[in-house]
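S.K.: Dumping the structure here so I can ask a few things about it.
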Amino acid sequence: MKPQYPTITVEVTVEKPIASVWKIWANPADIMHWNIPFVDWHCPRVENDLQTGGRFLFRMEAKESSEGFDHSGKYDVVILHQLIKYTGDDGRKSEIKFVSNSDSTTVIETFEPEETNPIDKQRDFCFSVLNSFKKYTESKED
């Protein structure tokens with residue numbers, strides 16, 4: 001599926017080495033803690049087979065269950081500590097790059113927007129999740 005708009009790119013720098021960042025990005029138990037866009041939301045279900053050809057499913061919803069959605073798809077390319085490319089079940093493509101900066105790691109996410117919500121809302125949503133990831137990851141002991 002071709003995006004109606006240009007891709008969206010959001011990035012965050014996490015003050016942890018790349019091995020720690022990758023481990024927390026991949027681990028379902030950790031994903032449930034950081035894959036949260038808003039304080040009144042949660043991620044109650046995660047399935048993650050982080051390998052080329054593997055599948056993922058992240059259930060995100062408001063804590064009072066008024067709204068929610070499944071984010072699911074297939075990993076097209078996984079290169080340890082470097083790159084994840086996937087195709088969502090809705091056909092949109094995403095790419096996540098991990099760039100080591102010695103004791104910190106920059107995570108850069110680029111994705112095709114969907115057609116329902118405004119671009120700014122989608123960018124802010126993704127940025128909020130990445131900031132949640134940063135905060136959670138930096139608070140964890142290695």
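Chain labels A, B, ... are given in the sequence in which chains occur in the structure tokens; within each chain residues are numbered consecutively from 1, and ligands are likewise numbered from 1 in the order shown.
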Write out as a ChimeraX atom specification each polymer residue whose atoms come within 12 Å of region 72-75 of chain A, counting only C-alpha atoms; drop sequence neighbours fewer than 6 positions from it.

M.R.: /A:45-60,83-96

S.K.: Restrict the selected residues to N, CA and C atoms and save them as a compact mmCIF listing (two decimals), in the first residue's frame.

M.R.:
# COMPACT_ATOMS: atom_id res chain seq x y z
N ARG A 45 -1.33 -6.85 26.39
CA ARG A 45 -0.98 -8.10 25.70
C ARG A 45 0.11 -7.83 24.67
N VAL A 46 1.14 -8.66 24.71
CA VAL A 46 2.24 -8.55 23.75
C VAL A 46 2.67 -9.94 23.32
N GLU A 47 2.78 -10.12 22.02
CA GLU A 47 3.42 -11.30 21.43
C GLU A 47 4.49 -10.75 20.51
N ASN A 48 5.72 -11.25 20.63
CA ASN A 48 6.81 -10.69 19.84
C ASN A 48 7.84 -11.74 19.49
N ASP A 49 7.90 -12.11 18.23
CA ASP A 49 8.90 -13.04 17.71
C ASP A 49 9.84 -12.23 16.82
N LEU A 50 10.78 -11.53 17.46
CA LEU A 50 11.65 -10.57 16.77
C LEU A 50 12.74 -11.29 15.98
N GLN A 51 12.36 -11.73 14.79
CA GLN A 51 13.29 -12.32 13.82
C GLN A 51 12.66 -12.14 12.45
N THR A 52 13.50 -12.15 11.43
CA THR A 52 12.99 -12.03 10.07
C THR A 52 11.95 -13.13 9.83
N GLY A 53 10.75 -12.72 9.41
CA GLY A 53 9.65 -13.65 9.20
C GLY A 53 8.78 -13.85 10.44
N GLY A 54 9.24 -13.35 11.59
CA GLY A 54 8.46 -13.47 12.83
C GLY A 54 7.29 -12.51 12.84
N ARG A 55 6.37 -12.74 13.77
CA ARG A 55 5.18 -11.89 13.88
C ARG A 55 5.16 -11.19 15.24
N PHE A 56 4.37 -10.12 15.29
CA PHE A 56 4.19 -9.39 16.54
C PHE A 56 2.74 -8.98 16.68
N LEU A 57 2.33 -8.79 17.92
CA LEU A 57 1.02 -8.25 18.24
C LEU A 57 1.15 -7.48 19.55
N PHE A 58 0.80 -6.21 19.52
CA PHE A 58 0.80 -5.36 20.72
C PHE A 58 -0.62 -4.85 20.88
N ARG A 59 -1.26 -5.15 21.98
CA ARG A 59 -2.60 -4.63 22.28
C ARG A 59 -2.43 -3.37 23.12
N MET A 60 -2.94 -2.26 22.61
CA MET A 60 -2.88 -0.99 23.32
C MET A 60 -4.31 -0.53 23.56
N LEU A 83 18.68 -2.81 12.96
CA LEU A 83 17.54 -2.48 12.10
C LEU A 83 16.39 -3.46 12.26
N ILE A 84 15.19 -2.89 12.25
CA ILE A 84 13.96 -3.68 12.18
C ILE A 84 13.10 -3.05 11.09
N LYS A 85 12.66 -3.87 10.13
CA LYS A 85 11.69 -3.45 9.13
C LYS A 85 10.51 -4.39 9.25
N TYR A 86 9.31 -3.80 9.22
CA TYR A 86 8.14 -4.65 9.30
C TYR A 86 7.00 -4.11 8.46
N THR A 87 6.07 -5.00 8.17
CA THR A 87 4.84 -4.62 7.49
C THR A 87 3.68 -4.93 8.43
N GLY A 88 2.91 -3.89 8.74
CA GLY A 88 1.73 -4.09 9.59
C GLY A 88 0.67 -4.87 8.84
N ASP A 89 -0.24 -5.47 9.59
CA ASP A 89 -1.32 -6.23 8.96
C ASP A 89 -2.21 -5.35 8.08
N ASP A 90 -2.11 -4.03 8.25
CA ASP A 90 -2.86 -3.11 7.39
C ASP A 90 -2.09 -2.75 6.11
N GLY A 91 -0.87 -3.33 5.94
CA GLY A 91 -0.08 -3.12 4.73
C GLY A 91 0.93 -1.99 4.82
N ARG A 92 0.88 -1.19 5.89
CA ARG A 92 1.83 -0.07 6.01
C ARG A 92 3.20 -0.58 6.46
N LYS A 93 4.25 0.06 5.91
CA LYS A 93 5.63 -0.30 6.21
C LYS A 93 6.21 0.61 7.29
N SER A 94 7.08 0.03 8.10
CA SER A 94 7.79 0.78 9.14
C SER A 94 9.23 0.30 9.20
N GLU A 95 10.10 1.20 9.67
CA GLU A 95 11.51 0.89 9.82
C GLU A 95 12.01 1.53 11.12
N ILE A 96 12.76 0.76 11.90
CA ILE A 96 13.33 1.28 13.13
C ILE A 96 14.83 1.03 13.09

S.K.: At most 7 Å is the cut-off: for each residue in region 34-112 of chain A with any atom that close to an atom of region 130-134 of chain A, write down the nearest atom pair and the distance in Å rounded to one decimal, counting only C-alpha atoms, chain first then increasing number, as CSV.

M.R.:
residue,atom,partner,partner_atom,distance
A:Trp34,CA,A:Phe133,CA,4.8
A:Asn35,CA,A:Phe133,CA,6.8
A:Ile36,CA,A:Ser132,CA,6.5

S.K.: Take the residues just selected and output them with N, CA and C atoms as a compact mmCIF listing (two decimals), in the first residue's frame.

M.R.:
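To be explicit, this is the file written out as out-v5.txt:
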# COMPACT_ATOMS: atom_id res chain seq x y z
N TRP A 34 6.56 -0.19 28.44
CA TRP A 34 6.91 1.05 27.74
C TRP A 34 6.03 1.38 26.53
N ASN A 35 5.32 0.42 25.99
CA ASN A 35 4.52 0.68 24.78
C ASN A 35 3.19 1.34 25.18
N ILE A 36 3.32 2.53 25.74
CA ILE A 36 2.18 3.25 26.31
C ILE A 36 2.26 4.71 25.85

S.K.: If you run DSSP on the backbone here, which positions in chain A get strand (DSSP E)? Please write them as a ChimeraX atom specification.

M.R.: /A:8-14,41-48,55-62,68-79,83-88,93-101,104-111

S.K.: Enter the distance from CA of Ser139 (chain A) to CA of Val21 (chain A), in Å, rounded to one decimal.

M.R.: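 For CA of Ser139 (chain A) relative to CA of Val21 (chain A), the distance reads 11.6 Å.
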
S.K.: Just how far from CA of Thr7 (chain A) is CA of Pro113 (chain A), in Å to one decimal?

M.R.: 6.4 Å

S.K.: Mind checking which residues fall within 12 Å of Ala62 (chain A), counting only C-alpha atoms, ignoring those fewer than 5 positions away in the same chain, and posting them as a PyMOL selection string?

M.R.: chain A and resi 36-44+67-69

S.K.: Would you pick out the contacts of Val14 (chain A) at 10 Å or less, using only C-alpha atoms, so that residues sharing its chain but fewer than 2 positions from it are not included, and give the list as a PyMOL selection string?

M.R.: chain A and resi 11-12+16-18+20-21+100-101+103-107+130-131+133-138

S.K.: As a ChimeraX atom specification, please: every residue in chain A that DSSP puts in helix (DSSP H, G or I).

M.R.: /A:18-26,28-34,119-139

S.K.: Using only C-alpha atoms, which of A:Ala19, A:Val129, A:Ala29, A:Ile119 sits nearest Phe98 (chain A)?

M.R.: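 Smallest distance to Phe98 (chain A) is found for A:Ala19.
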
S.K.: Provide the CA of Glu109 (chain A) to CA of Lys121 (chain A) distance in Å, to one decimal place.

M.R.: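 Interatomic distance, CA of Glu109 (chain A) to CA of Lys121 (chain A): 15.4 Å.
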